[in-house]
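A short write-up of the structure that comes next.
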Amino acid sequence: MELDRRDVLKLGGLGAAGVAAGIVLPSRTIEAATASQIDPAYLPDVFATPFAVPPVLRPRRSVREDDGAWCDYYMLSERMFNASILKGGRTTQMFGYEGMVPGPTIKATQGRRARLLVRNQLPPRHPVIGHESSTSVHLHGSASLPQYDGYASDITPPGFYKEYRYPNMQAARTLWYHDHGVHHTAENVYSGLVAQYHLTDPVERELLPQGEFDVPLIVGDIAFDANGQLLMDDNSHSGVFGDVVLVNGRPWPVMKVKRRVYRFRMLSATIGRSWRWQLGPGYPMHIVATDGGLMPQTQTVSQFRHAQAERYEVLVDFSQFPAGTRIVLNNLSNPNNRDYDNTDKVMAFDVVDDPFDKSDPTWNRIPQNLVDSHVMQLRSGMEKRRRHLRVQRTNGMWTINGHTWADVVDSDFQLLVADPDFNDTEVWTIENKSGGWFHPVHIHLVDFNILSRNGVPCFPWERGPKDVVYVGENESVDVIMKFEHQRGRYMIHCHNLSHEDHDMMQQFAVGWKPGDPDRNDPIRADRCKYDDLADS
């Protein structure tokens with residue numbers, strides 16, 4: 001049973017904030033029926049696959065360190081495996097952490113450190129796409145030291161390993177770990193090297209659903225060649241757009257949900273596609289957290305725009321729907337996507353009448369007041385300096401202020417786009433004068449507050465701490481941030497990964513100047529090691 005819009009009004013309406021800030025939806029451009037070259041008979045059917053939650057990676061051991069803090073030790077292997085996405089027994093060669101897509105979720109606790117040893121057991125090259133299989137693991141959203149941040153040129157070749165150290169000092173948030181290897185990030189992520197990492201704290205555990213009602217949603221899109229292998233067409237380095245939508249590695253899955261409130265940790269792990277979510281015909285979605293954790297107040301919307309690498313934590317109240325209802329998560333799309341026959345739908349929720357524990361206060365609660373973090377208290381006028389960054393295409397290359405990552409490499413990694421001192425607060429204006437492209441810009445290390453978009457307040461769903469900002473066509477965005485936690489060199493780049501690889505990436509440094517010694521050199525401070533570890 002599908003409810004119509006009149007049923008929504010019976011459920012209390014959408015609220016003024018749910019009208020998407022007065023945005024006029026673009027008309028959708030259908031480029032072709034499909035992108036895949038395989039016989040359509042082998043393509044997966046829509047809403048024919050059960051939903052699955054990735055497994056949780058358990059620590060191998062836990063150790064109390066010299067300063068008294070606990071540290072959990074994990075190990076992962078990057079391996080190639082055969083994924084079963086297509087019909088007819090066809091399999092697709094993909095890369096995955098622990099040989100699965102997505103990789104296992106890591107659950108960490110604020111104040112409890114983690115070490116993640118990652119073994120590159122991939123073949124030297126992808127057998128179909130053909131790119132080199134060196135990797136660099138970036139824990140996106142973590143204030144890690146530079147040598148453990150997944151710096152693009154700090155690569156681990158096949159047959160080597162690197163141990164990454166994560167402080168877990170920040171407030172609760174949804175992070176994700178993914179590959180960041182220089183010039184091959186798009187290929188490695190498209191091949192499957194993605195997973196979530198959940199950092200928890202007491203405030204988040206008190207306010208929001210936990211356990212089976214705290215659900216990761218990693219959304220991607222892929223296409224297949226005539227042999228059922230990955231088809232990667234980056235449209236002259238513009239972006240990759242598949243015609244098969246995956247959620248947690250499964251095509252258009254169906255999830256059974258009980259009649260209560262669920263929390264969905266929504267991550268877009270796409271290479272080039274952005275999304276505009278709508279639940280059914282416009283049922284309420286209550287956004288409680290952004291990239292950097294809890295928002296000051298819950299924002300209730302009927303749709304929202306979601307770029308690559310952004311994370312939104314969304315509460316959905318299924319208690320108002322009768323058992324037997326099917327609710328579809330739709331994609332209304334945005335300008336400059338390539339949309340196909342079935343990319344307008346993502347997954348379905350089937351409401352069931354199964355019992356659950358109603359002593360849990362989160363079962364029917366949508367909290368309104370959340371956490372007013374120090375990031376969200378930053379205001380214009382607090383900044384020590386303002387900077388201007390232009391994201392644009394120059395002579396066929398994607399650039400930031402006219403420079404590329406190749407320029408950084410040629411400078412022996414000395415070239416900086418910004419050099420704030422430790423604990424400085426700055427406002428950056430990020431400008432995209434192009435009408436033909438959007439750029440999700442990611443600033444490593446810090447969380448920021450979006451002050452304005454084209455001179456007016458940001459969208460309701462962005463009113464929380466962020467580390468990725470959607471800079472749309474002809475948009476100019478002001479963000480304010482405090483450069484705290486760590487010193488050293490970090491990257492800023494477009495998270496359209498084809499743009500990043502060709503070559504829209506620069507670096508900034510906190511408390512460091514070119515020519516200075518650097519104890520946390522992102523490449524030299526802690527290099528990868530030859531893997532002679534026992535397989536056990």
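Each chain in the structure tokens gets a letter, A, B and so on, in the order shown; residues start at 1 in every chain, and ligands are counted from 1 in the order they appear.
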
**OP:** Return as a PyMOL selection string the full set of residues in segment 1-188 of chain A whose backbone-based DSSP assignment is strand (DSSP E or B).
**Re:** chain A and resi 30+49-50+56+61-64+70-83+92-97+100+105-109+113-120+125+132+135+137-140+156+160-166+173-179

Written file, previous selection with C-alpha atoms, as an mmCIF file, in the first residue's frame:
```cif
data_model
loop_
_atom_site.group_PDB
_atom_site.id
_atom_site.type_symbol
_atom_site.label_atom_id
_atom_site.label_comp_id
_atom_site.auth_asym_id
_atom_site.auth_seq_id
_atom_site.Cartn_x
_atom_site.Cartn_y
_atom_site.Cartn_z
ATOM 1 C CA ILE A 30 17.557 11.868 -19.326
ATOM 2 C CA THR A 49 16.836 -7.575 -3.335
ATOM 3 C CA PRO A 50 16.659 -7.630 0.478
ATOM 4 C CA VAL A 56 30.879 -4.480 12.311
ATOM 5 C CA ARG A 61 42.952 -6.363 20.902
ATOM 6 C CA SER A 62 42.617 -3.394 23.254
ATOM 7 C CA VAL A 63 45.557 -1.867 25.104
ATOM 8 C CA ARG A 64 45.864 0.779 27.807
ATOM 9 C CA TRP A 70 42.619 2.926 25.840
ATOM 10 C CA CYS A 71 43.426 2.079 22.237
ATOM 11 C CA ASP A 72 41.629 -0.490 20.074
ATOM 12 C CA TYR A 73 43.658 -2.282 17.390
ATOM 13 C CA TYR A 74 42.028 -3.290 14.092
ATOM 14 C CA MET A 75 43.254 -4.984 10.944
ATOM 15 C CA LEU A 76 41.808 -4.806 7.418
ATOM 16 C CA SER A 77 42.830 -6.328 4.102
ATOM 17 C CA GLU A 78 42.138 -4.691 0.758
ATOM 18 C CA ARG A 79 41.273 -7.568 -1.566
ATOM 19 C CA MET A 80 39.702 -8.228 -4.933
ATOM 20 C CA PHE A 81 36.574 -10.384 -4.920
ATOM 21 C CA ASN A 82 33.657 -11.390 -7.126
ATOM 22 C CA ALA A 83 30.476 -9.443 -6.350
ATOM 23 C CA THR A 92 31.798 -8.608 -11.171
ATOM 24 C CA GLN A 93 35.389 -8.181 -10.036
ATOM 25 C CA MET A 94 35.541 -5.460 -7.378
ATOM 26 C CA PHE A 95 37.903 -4.213 -4.702
ATOM 27 C CA GLY A 96 36.780 -4.224 -1.088
ATOM 28 C CA TYR A 97 37.954 -3.827 2.476
ATOM 29 C CA MET A 100 33.254 -6.882 0.551
ATOM 30 C CA THR A 105 31.677 -0.612 9.795
ATOM 31 C CA ILE A 106 34.015 0.461 12.569
ATOM 32 C CA LYS A 107 32.361 1.687 15.774
ATOM 33 C CA ALA A 108 34.551 3.892 17.946
ATOM 34 C CA THR A 109 33.993 5.755 21.202
ATOM 35 C CA ARG A 113 41.892 5.772 20.353
ATOM 36 C CA ALA A 114 42.093 3.382 17.437
ATOM 37 C CA ARG A 115 44.828 1.938 15.265
ATOM 38 C CA LEU A 116 43.863 0.498 11.906
ATOM 39 C CA LEU A 117 46.408 -1.690 10.135
ATOM 40 C CA VAL A 118 45.527 -1.882 6.427
ATOM 41 C CA ARG A 119 47.141 -4.512 4.210
ATOM 42 C CA ASN A 120 47.118 -3.920 0.451
ATOM 43 C CA ARG A 125 46.410 -3.392 -11.459
ATOM 44 C CA GLU A 132 47.454 0.908 -10.516
ATOM 45 C CA THR A 135 46.042 2.976 -2.023
ATOM 46 C CA VAL A 137 43.185 5.243 3.417
ATOM 47 C CA HIS A 138 41.446 8.474 4.395
ATOM 48 C CA LEU A 139 39.218 8.486 7.476
ATOM 49 C CA HIS A 140 36.993 11.272 6.229
ATOM 50 C CA THR A 156 50.758 1.931 -0.032
ATOM 51 C CA PHE A 160 52.732 -3.458 1.713
ATOM 52 C CA TYR A 161 50.760 -2.277 4.747
ATOM 53 C CA LYS A 162 50.312 0.881 6.784
ATOM 54 C CA GLU A 163 48.980 1.369 10.307
ATOM 55 C CA TYR A 164 46.791 4.460 10.706
ATOM 56 C CA ARG A 165 46.228 6.095 14.091
ATOM 57 C CA TYR A 166 42.955 7.807 14.942
ATOM 58 C CA ARG A 173 29.586 11.808 14.047
ATOM 59 C CA THR A 174 29.289 9.607 10.991
ATOM 60 C CA LEU A 175 32.679 9.294 9.323
ATOM 61 C CA TRP A 176 33.680 7.084 6.437
ATOM 62 C CA TYR A 177 36.922 5.543 5.309
ATOM 63 C CA HIS A 178 37.755 5.361 1.637
ATOM 64 C CA ASP A 179 40.680 5.256 -0.702
#
```

Original post:
Within 8 Å of Leu267 of chain A, counting only C-alpha atoms, which residues qualify if same-chain residues fewer than 3 places away don't, as a list of chain:residue names?
Top reply: A:Pro216, A:Leu217, A:Ile218, A:Val219, A:Gln308, A:Ala309, A:Glu310, A:Arg311, A:Tyr312

Keeping N, CA and C atoms, export the residues of the selection given above as a short mmCIF file (atom, residue, chain, number, x, y, z; two decimals), in the first residue's frame.
```cif
data_model
loop_
_atom_site.label_atom_id
_atom_site.label_comp_id
_atom_site.auth_asym_id
_atom_site.auth_seq_id
_atom_site.Cartn_x
_atom_site.Cartn_y
_atom_site.Cartn_z
N PRO A 216 23.23 2.35 8.75
CA PRO A 216 24.04 3.00 7.72
C PRO A 216 23.44 2.79 6.32
N LEU A 217 23.42 3.85 5.54
CA LEU A 217 23.00 3.78 4.14
C LEU A 217 24.12 4.37 3.29
N ILE A 218 24.86 3.52 2.59
CA ILE A 218 25.93 3.96 1.71
C ILE A 218 25.42 3.82 0.28
N VAL A 219 25.21 4.95 -0.37
CA VAL A 219 24.55 4.96 -1.68
C VAL A 219 25.59 5.20 -2.77
N GLN A 308 28.34 14.28 -3.20
CA GLN A 308 29.29 13.22 -2.92
C GLN A 308 30.03 13.52 -1.62
N ALA A 309 30.16 12.50 -0.78
CA ALA A 309 30.94 12.50 0.47
C ALA A 309 30.23 13.18 1.63
N GLU A 310 29.12 13.89 1.40
CA GLU A 310 28.38 14.46 2.52
C GLU A 310 27.71 13.34 3.32
N ARG A 311 27.54 13.58 4.62
CA ARG A 311 26.79 12.66 5.47
C ARG A 311 25.66 13.42 6.15
N TYR A 312 24.49 12.83 6.13
CA TYR A 312 23.33 13.38 6.83
C TYR A 312 22.70 12.26 7.65
#
```

Quick one: everything within 9 Å of Leu415 of chain A, counting only C-alpha atoms, minus sequence neighbours fewer than 4 positions away in the same chain. Send it as a PDB file with N, CA and C atoms, in the first residue's frame.
```
ATOM      1  N   ASP A 407      51.108  20.773  -9.420  1.00  0.00           N
ATOM      2  CA  ASP A 407      51.906  21.917  -8.981  1.00  0.00           C
ATOM      3  C   ASP A 407      52.428  21.709  -7.556  1.00  0.00           C
ATOM      4  N   VAL A 408      51.601  21.102  -6.708  1.00  0.00           N
ATOM      5  CA  VAL A 408      52.035  20.804  -5.339  1.00  0.00           C
ATOM      6  C   VAL A 408      53.191  19.810  -5.366  1.00  0.00           C
ATOM      7  N   VAL A 409      53.065  18.759  -6.166  1.00  0.00           N
ATOM      8  CA  VAL A 409      54.127  17.759  -6.261  1.00  0.00           C
ATOM      9  C   VAL A 409      55.406  18.395  -6.791  1.00  0.00           C
ATOM     10  N   ASP A 410      55.269  19.222  -7.847  1.00  0.00           N
ATOM     11  CA  ASP A 410      56.450  19.864  -8.443  1.00  0.00           C
ATOM     12  C   ASP A 410      57.155  20.812  -7.472  1.00  0.00           C
ATOM     13  N   SER A 411      56.417  21.310  -6.471  1.00  0.00           N
ATOM     14  CA  SER A 411      57.019  22.198  -5.470  1.00  0.00           C
ATOM     15  C   SER A 411      57.664  21.421  -4.327  1.00  0.00           C
ATOM     16  N   GLN A 506      44.467  20.883  -3.698  1.00  0.00           N
ATOM     17  CA  GLN A 506      45.537  21.726  -3.180  1.00  0.00           C
ATOM     18  C   GLN A 506      45.792  21.317  -1.730  1.00  0.00           C
ATOM     19  N   GLN A 507      46.752  21.971  -1.099  1.00  0.00           N
ATOM     20  CA  GLN A 507      46.986  21.722   0.315  1.00  0.00           C
ATOM     21  C   GLN A 507      47.093  23.049   1.062  1.00  0.00           C
ATOM     22  N   PHE A 508      46.718  22.972   2.331  1.00  0.00           N
ATOM     23  CA  PHE A 508      46.935  24.087   3.242  1.00  0.00           C
ATOM     24  C   PHE A 508      47.755  23.549   4.415  1.00  0.00           C
ATOM     25  N   PRO A 514      56.431  26.874   4.480  1.00  0.00           N
ATOM     26  CA  PRO A 514      57.336  26.172   3.568  1.00  0.00           C
ATOM     27  C   PRO A 514      58.786  26.300   3.995  1.00  0.00           C
TER      28      PRO A 514
END
```

Original post:
With distances taken over only C-alpha atoms, which of A:Ile85, A:Asn432, A:Arg489, A:Gln303 is nearest to Pro281 of chain A?
Top reply: A:Gln303
